[in-house]
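Heads up, the thing below is written out as structure tokens.
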Amino acid sequence: MCGDGVGPTPRGSRMFLLLLLPLLSESLADKACINISNGDIATSLTLSGNDLSFKDDRLMSISCMYDGIPCVIWCPEPNNNLSQIFNGTYMCQDVKILSSSNTTEFSIHTVGQCTLSKCKVNEILPMVDKLACPQADLRSLMQLLFIRDSCKILFRDSDEMKKAFINIERFLIHKIMQRTQQEVGKSTYYYFKTMALNVISISNDNLSSATIDTIQLESPQLLPQNMSSVPETWLPVDTLEHILQENRTVGLVSYMFHDQFQFGMVHISSMAMRIELLGEKRLENLTTPLKLIFNITAPTNIDNESWLECHYFDEQEFHWKTDGCETYSATYDNHTEIECCCNHTTPFAVLLMREPISGVHWKILSYISYIGCGLSAFFSALSVITYIINRSHRADQSCFIHVSLSGALFLLNTSFLLTEWGATVQQDGVCVFIAATMHYSLLCCFTWMAIEALHLYLLLVKVFNTYYKRYLIKLSLAGWGIPAVIVGIFVGVNDIRQFYGVAKMSMLDTNQTSNLCWITDEHFFYGLNLVYFTLIFIFNTGILGTVVAGICRLREGSKHTPGRSKGSLSCRNSLTVMGLTCLLGTTWGLVFLGSGHVNYPVLYLFCILNSTQGFFIFLWICCSARKQRRRAEQDNINSVQMKSSQIKSI
């Protein structure tokens, strides 16, 4: 993939079409082999008779599909000799072309000498790694961007692909800077579809003409109609003066899209800017800070708990940080001006921040969660073991449902205890397995809570005509099967779009993060889990309200019953409601009270109540078993008394 190199592209010129291979066999009117790398422009292909023609169109795009999975078609480059493209040297077969108004899809069945790679990590990562070779040049960067554009979802959702892309892109940018030949004091622009690079050679005259302690460098413009989108860039003169003139070359990169920098649930509100120095050196510990000024249209989702703050991207830990950077802001009628002053050079951007959990509270909540989940896992396992040993419980449908919920809680608590450990394991499959297991067990808990509510409705509300054939088997299929189908689908497409992996949690008062094995896609997290739980919470809350109303009616009816203490009856009813609240999982509804901002009392209640749910269910099962034994003993006493009375009558 590494070529012989090309010269710099003048500003304003159009980039060339890197790879084009349309071939049609005379006997195959609808079969072709295509590989396109555009770097600068999108290309539209149309099928005309027995020939395949193409045209340049910035509004069009190319997409390749293989068995429903996005793919990349890679054919050997014909050394820029167009006569070799059409000479039939390369042949691919069975390529069905489906054209629409704005895209062309390729459904490829067999490929000849060209290489087809599905957009999966194990196929695309080796292709990307090959671009980082000593002969890398401008074409290598264009090829990297072509691969990224062909597998947009993969590069957006896979942290592994993002890390590889960032490292190789930076390597290729430095290769281009090294190969750029220009006069001292001049600059050379390279334009691509989603990014632009300006290689600037700073002369001594440029520094001596500076009237202040910083010198402004022109950031490469991506959108000519909107100059305000590109930040102003100022570098310190005193630092540049200590660099030899022949090595004083700076590369400024403007990114239209910044998906590669999207790690965790961060909200990047500005254009991302990269500052590189020739020789892969870093400007660090600057006495006079560099300065970037971003003009940002006021976000619509900003509130009292949100603010805009300058961040730099740590390319070692792949995380946004703030140390060494200060933020100054000024608000105008239709935009906010953010000034970032930093003492080092890296990629920069302005992030929309929301108040996260402070480090101290995070530590306390972690201890509470781990202790509670440990106790819950132990007592949940004890509930299951007790059910297996005690035969009398097996005939009780309610006890079976309670134990099934305990089994789901055991899986949830044990997988939760492994989440931080799994994030430290280098093998990605381990973290994915732990995250998927925890998500599966969480959905199982929600489902069994709904089954608890359904069973309670049949027992206390409907009462009559409640016999169902193979009732427990059907409940088990629903309780364990529905979550298995949901998680199985998303695990199956994890190579295409990563839903499970290492998720980062940020601290409020430090730059530290906590890595967990969990759901990495924010939209998937809220779109599935929140909707799933909300429906169950509404149903369970309705059932609980109906049962509480029934208990109140029974209490009113038992006021005049002799031999019963009013206080003991109220206490018993209160304990019953609390137990049902735990069984039905309505304590999980505290999540709605803590959404949108950090509410520490709610967080502490949520952690304490829900991390110990398995323990409370164990107590409920023990109390139910005790009642059953008392009832059985009373039945035996009544039976003996009845038999003795019958004998006396005889």
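Every chain in the structure tokens has a letter given in the order shown (A, B, ...), and although residue numbers restart at 1 in each chain, ligands are simply numbered from 1 in the order shown.
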
Between stretch 372-450 of chain A and stretch 577-595 of chain A, at 9 Å or less, what are the per-residue closest atom pairs and their distances in Å? Count only C-alpha atoms, order by chain and rising residue number, and return it as JSON lines.
{"residue": "A:His402", "atom": "CA", "partner": "A:Leu583", "partner_atom": "CA", "distance": 7.8}
{"residue": "A:Leu405", "atom": "CA", "partner": "A:Leu583", "partner_atom": "CA", "distance": 8.4}
{"residue": "A:Cys445", "atom": "CA", "partner": "A:Gly585", "partner_atom": "CA", "distance": 8.6}
{"residue": "A:Phe446", "atom": "CA", "partner": "A:Gly585", "partner_atom": "CA", "distance": 7.6}
{"residue": "A:Trp448", "atom": "CA", "partner": "A:Leu584", "partner_atom": "CA", "distance": 8.5}
{"residue": "A:Met449", "atom": "CA", "partner": "A:Leu584", "partner_atom": "CA", "distance": 4.9}
{"residue": "A:Ala450", "atom": "CA", "partner": "A:Leu584", "partner_atom": "CA", "distance": 6.8}

Can you work out the spacing between atom CA of A:Leu277 and atom CA of A:Ile200 in Å, to one decimal?
9.8 Å

Test item: residues at most 10 Å from stretch 515-526 of chain A, only C-alpha atoms, excluding those fewer than 2 positions along its chain, as a CSV table (one decimal) with C-alpha atoms, in the first residue's frame:
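Once everything was written out, this is part.csv:
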chain,number,residue,atom,x,y,z
A,156,ARG,CA,-16.8,5.2,15.0
A,157,ASP,CA,-17.7,2.4,17.4
A,158,SER,CA,-14.5,0.3,17.8
A,159,ASP,CA,-12.0,1.8,20.3
A,263,PHE,CA,-13.9,8.0,23.5
A,264,GLY,CA,-16.5,7.4,26.2
A,265,MET,CA,-19.5,9.7,26.6
A,266,VAL,CA,-17.8,13.0,25.8
A,415,SER,CA,-20.3,-9.8,36.7
A,416,PHE,CA,-20.3,-6.3,38.3
A,418,LEU,CA,-15.4,-8.2,37.6
A,419,THR,CA,-16.0,-5.1,35.6
A,420,GLU,CA,-13.0,-3.1,36.7
A,421,TRP,CA,-10.7,-6.1,36.6
A,422,GLY,CA,-11.9,-7.0,33.1
A,423,ALA,CA,-11.0,-3.5,31.9
A,424,THR,CA,-7.3,-4.1,32.8
A,428,ASP,CA,-10.5,-7.5,24.4
A,430,VAL,CA,-12.6,-10.8,28.2
A,431,CYS,CA,-14.0,-7.3,28.7
A,432,VAL,CA,-16.6,-7.8,26.0
A,433,PHE,CA,-17.7,-11.1,27.6
A,434,ILE,CA,-18.0,-9.5,31.1
A,435,ALA,CA,-19.9,-6.5,29.7
A,436,ALA,CA,-22.3,-8.7,27.7
A,437,THR,CA,-22.8,-11.0,30.7
A,438,MET,CA,-23.6,-8.0,33.0
A,439,HIS,CA,-26.0,-6.6,30.4
A,490,PHE,CA,-25.8,-7.2,19.6
A,497,ARG,CA,-20.3,-2.0,15.5
A,498,GLN,CA,-18.9,-2.3,19.0
A,499,PHE,CA,-21.6,-2.2,21.7
A,500,TYR,CA,-19.6,-3.8,24.5
A,501,GLY,CA,-16.1,-3.1,25.8
A,502,VAL,CA,-14.1,-0.6,28.0
A,503,ALA,CA,-16.2,2.4,29.1
A,504,LYS,CA,-14.6,5.3,30.8
A,505,MET,CA,-16.0,7.2,33.8
A,506,SER,CA,-14.7,10.7,34.5
A,512,GLN,CA,-8.5,10.5,36.5
A,513,THR,CA,-10.9,8.1,34.9
A,528,LEU,CA,-32.5,0.0,25.0
A,529,ASN,CA,-32.0,-0.2,28.7
A,530,LEU,CA,-33.9,2.9,29.6
A,531,VAL,CA,-36.9,2.1,27.4
A,532,TYR,CA,-36.9,-1.6,28.5

Who sits within 12 Å of A:Asn167, only C-alpha atoms, same chain under 2 positions skipped, as an MDAnalysis selection string
chainID A and resid 128:129 131:132 141 144 160:165 169:174 260:261 280 314:318

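The closest residue to A:Ser380, picked from A:Ala453, A:Thr288, A:His267, A:Ser611 and counting only C-alpha atoms, is A:Ser611.
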
What's around A:Asp238 at 12 Å? Count only C-alpha atoms, leave out sequence neighbours fewer than 4 positions away in its own chain, and write the answer as an NGL selection string.
:A and (204 or 207-208 or 210 or 212-215 or 242-243 or 283 or 286-290)

For A:Pro347: contacts at 10 Å, only C-alpha atoms, fewer than 4 positions along chain excluded, given as a list of chain:residue names:
A:Leu252, A:Val253, A:Ser254, A:Phe261, A:Ala272, A:Met273, A:Arg274, A:Ile275, A:Glu276, A:His311, A:Tyr312, A:Phe313, A:Asp314, A:Glu315, A:Trp320

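Separating atom CA of A:Val72 from atom CA of A:Cys151 is a distance of 7.5 Å.
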
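As for atom CA of A:Lys627 and atom CA of A:Leu575, they are spaced 14.2 Å apart.
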
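Residues of stretch 393-521 of chain A that DSSP, applied to the backbone, places in strand (DSSP E): A:Tyr500, A:Gly501, A:Val502, A:Ala503, A:Lys504, A:Met505, A:Ser506, A:Thr513, A:Ser514, A:Asn515, A:Leu516, A:Cys517, A:Trp518, A:Ile519.
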
Can you write just those residues out, N, CA and C atoms, as a PDB file, in the first residue's frame?
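Result file result-v4.pdb:
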ATOM      1  N   TYR A 500     -20.112  -3.438  23.231  1.00  0.00           N
ATOM      2  CA  TYR A 500     -19.573  -3.825  24.536  1.00  0.00           C
ATOM      3  C   TYR A 500     -18.058  -3.674  24.524  1.00  0.00           C
ATOM      4  N   GLY A 501     -17.510  -3.238  25.655  1.00  0.00           N
ATOM      5  CA  GLY A 501     -16.070  -3.062  25.764  1.00  0.00           C
ATOM      6  C   GLY A 501     -15.736  -2.200  26.965  1.00  0.00           C
ATOM      7  N   VAL A 502     -14.618  -1.476  26.866  1.00  0.00           N
ATOM      8  CA  VAL A 502     -14.150  -0.630  27.965  1.00  0.00           C
ATOM      9  C   VAL A 502     -14.849   0.725  27.899  1.00  0.00           C
ATOM     10  N   ALA A 503     -15.567   1.070  28.945  1.00  0.00           N
ATOM     11  CA  ALA A 503     -16.217   2.378  29.062  1.00  0.00           C
ATOM     12  C   ALA A 503     -15.489   3.185  30.138  1.00  0.00           C
ATOM     13  N   LYS A 504     -15.354   4.482  29.903  1.00  0.00           N
ATOM     14  CA  LYS A 504     -14.603   5.350  30.809  1.00  0.00           C
ATOM     15  C   LYS A 504     -15.569   6.220  31.614  1.00  0.00           C
ATOM     16  N   MET A 505     -15.295   6.317  32.915  1.00  0.00           N
ATOM     17  CA  MET A 505     -16.040   7.206  33.798  1.00  0.00           C
ATOM     18  C   MET A 505     -15.104   8.304  34.270  1.00  0.00           C
ATOM     19  N   SER A 506     -15.520   9.571  34.124  1.00  0.00           N
ATOM     20  CA  SER A 506     -14.674  10.705  34.483  1.00  0.00           C
ATOM     21  C   SER A 506     -14.987  11.187  35.890  1.00  0.00           C
ATOM     22  N   THR A 513      -9.682   8.749  35.401  1.00  0.00           N
ATOM     23  CA  THR A 513     -10.867   8.068  34.885  1.00  0.00           C
ATOM     24  C   THR A 513     -10.903   6.653  35.455  1.00  0.00           C
ATOM     25  N   SER A 514     -12.087   6.111  35.493  1.00  0.00           N
ATOM     26  CA  SER A 514     -12.267   4.730  35.924  1.00  0.00           C
ATOM     27  C   SER A 514     -12.775   3.927  34.737  1.00  0.00           C
ATOM     28  N   ASN A 515     -12.055   2.865  34.392  1.00  0.00           N
ATOM     29  CA  ASN A 515     -12.415   2.032  33.254  1.00  0.00           C
ATOM     30  C   ASN A 515     -13.264   0.858  33.714  1.00  0.00           C
ATOM     31  N   LEU A 516     -14.353   0.631  33.016  1.00  0.00           N
ATOM     32  CA  LEU A 516     -15.278  -0.444  33.331  1.00  0.00           C
ATOM     33  C   LEU A 516     -15.608  -1.211  32.070  1.00  0.00           C
ATOM     34  N   CYS A 517     -15.891  -2.491  32.236  1.00  0.00           N
ATOM     35  CA  CYS A 517     -16.411  -3.290  31.117  1.00  0.00           C
ATOM     36  C   CYS A 517     -17.928  -3.105  31.082  1.00  0.00           C
ATOM     37  N   TRP A 518     -18.399  -2.397  30.087  1.00  0.00           N
ATOM     38  CA  TRP A 518     -19.818  -2.080  30.048  1.00  0.00           C
ATOM     39  C   TRP A 518     -20.178  -1.683  28.618  1.00  0.00           C
ATOM     40  N   ILE A 519     -21.348  -1.119  28.441  1.00  0.00           N
ATOM     41  CA  ILE A 519     -21.835  -0.701  27.135  1.00  0.00           C
ATOM     42  C   ILE A 519     -21.075   0.557  26.708  1.00  0.00           C
TER      43      ILE A 519
END

Residues of stretch 334-427 of chain A that have any atom at most 10 Å from an atom of stretch 470-476 of chain A: could you tabulate them with the shortest-distance atom pair and the distance in Å to one decimal, using only C-alpha atoms, ordered by chain and increasing number, as a Markdown table?
| residue | atom | partner | partner_atom | distance |
| --- | --- | --- | --- | --- |
| A:Gln397 | CA | A:Leu472 | CA | 7.2 |
| A:Ser398 | CA | A:Leu472 | CA | 9.8 |
| A:Phe400 | CA | A:Leu472 | CA | 8.1 |
| A:Ile401 | CA | A:Leu472 | CA | 8.3 |
| A:Ser404 | CA | A:Ser476 | CA | 8.2 |
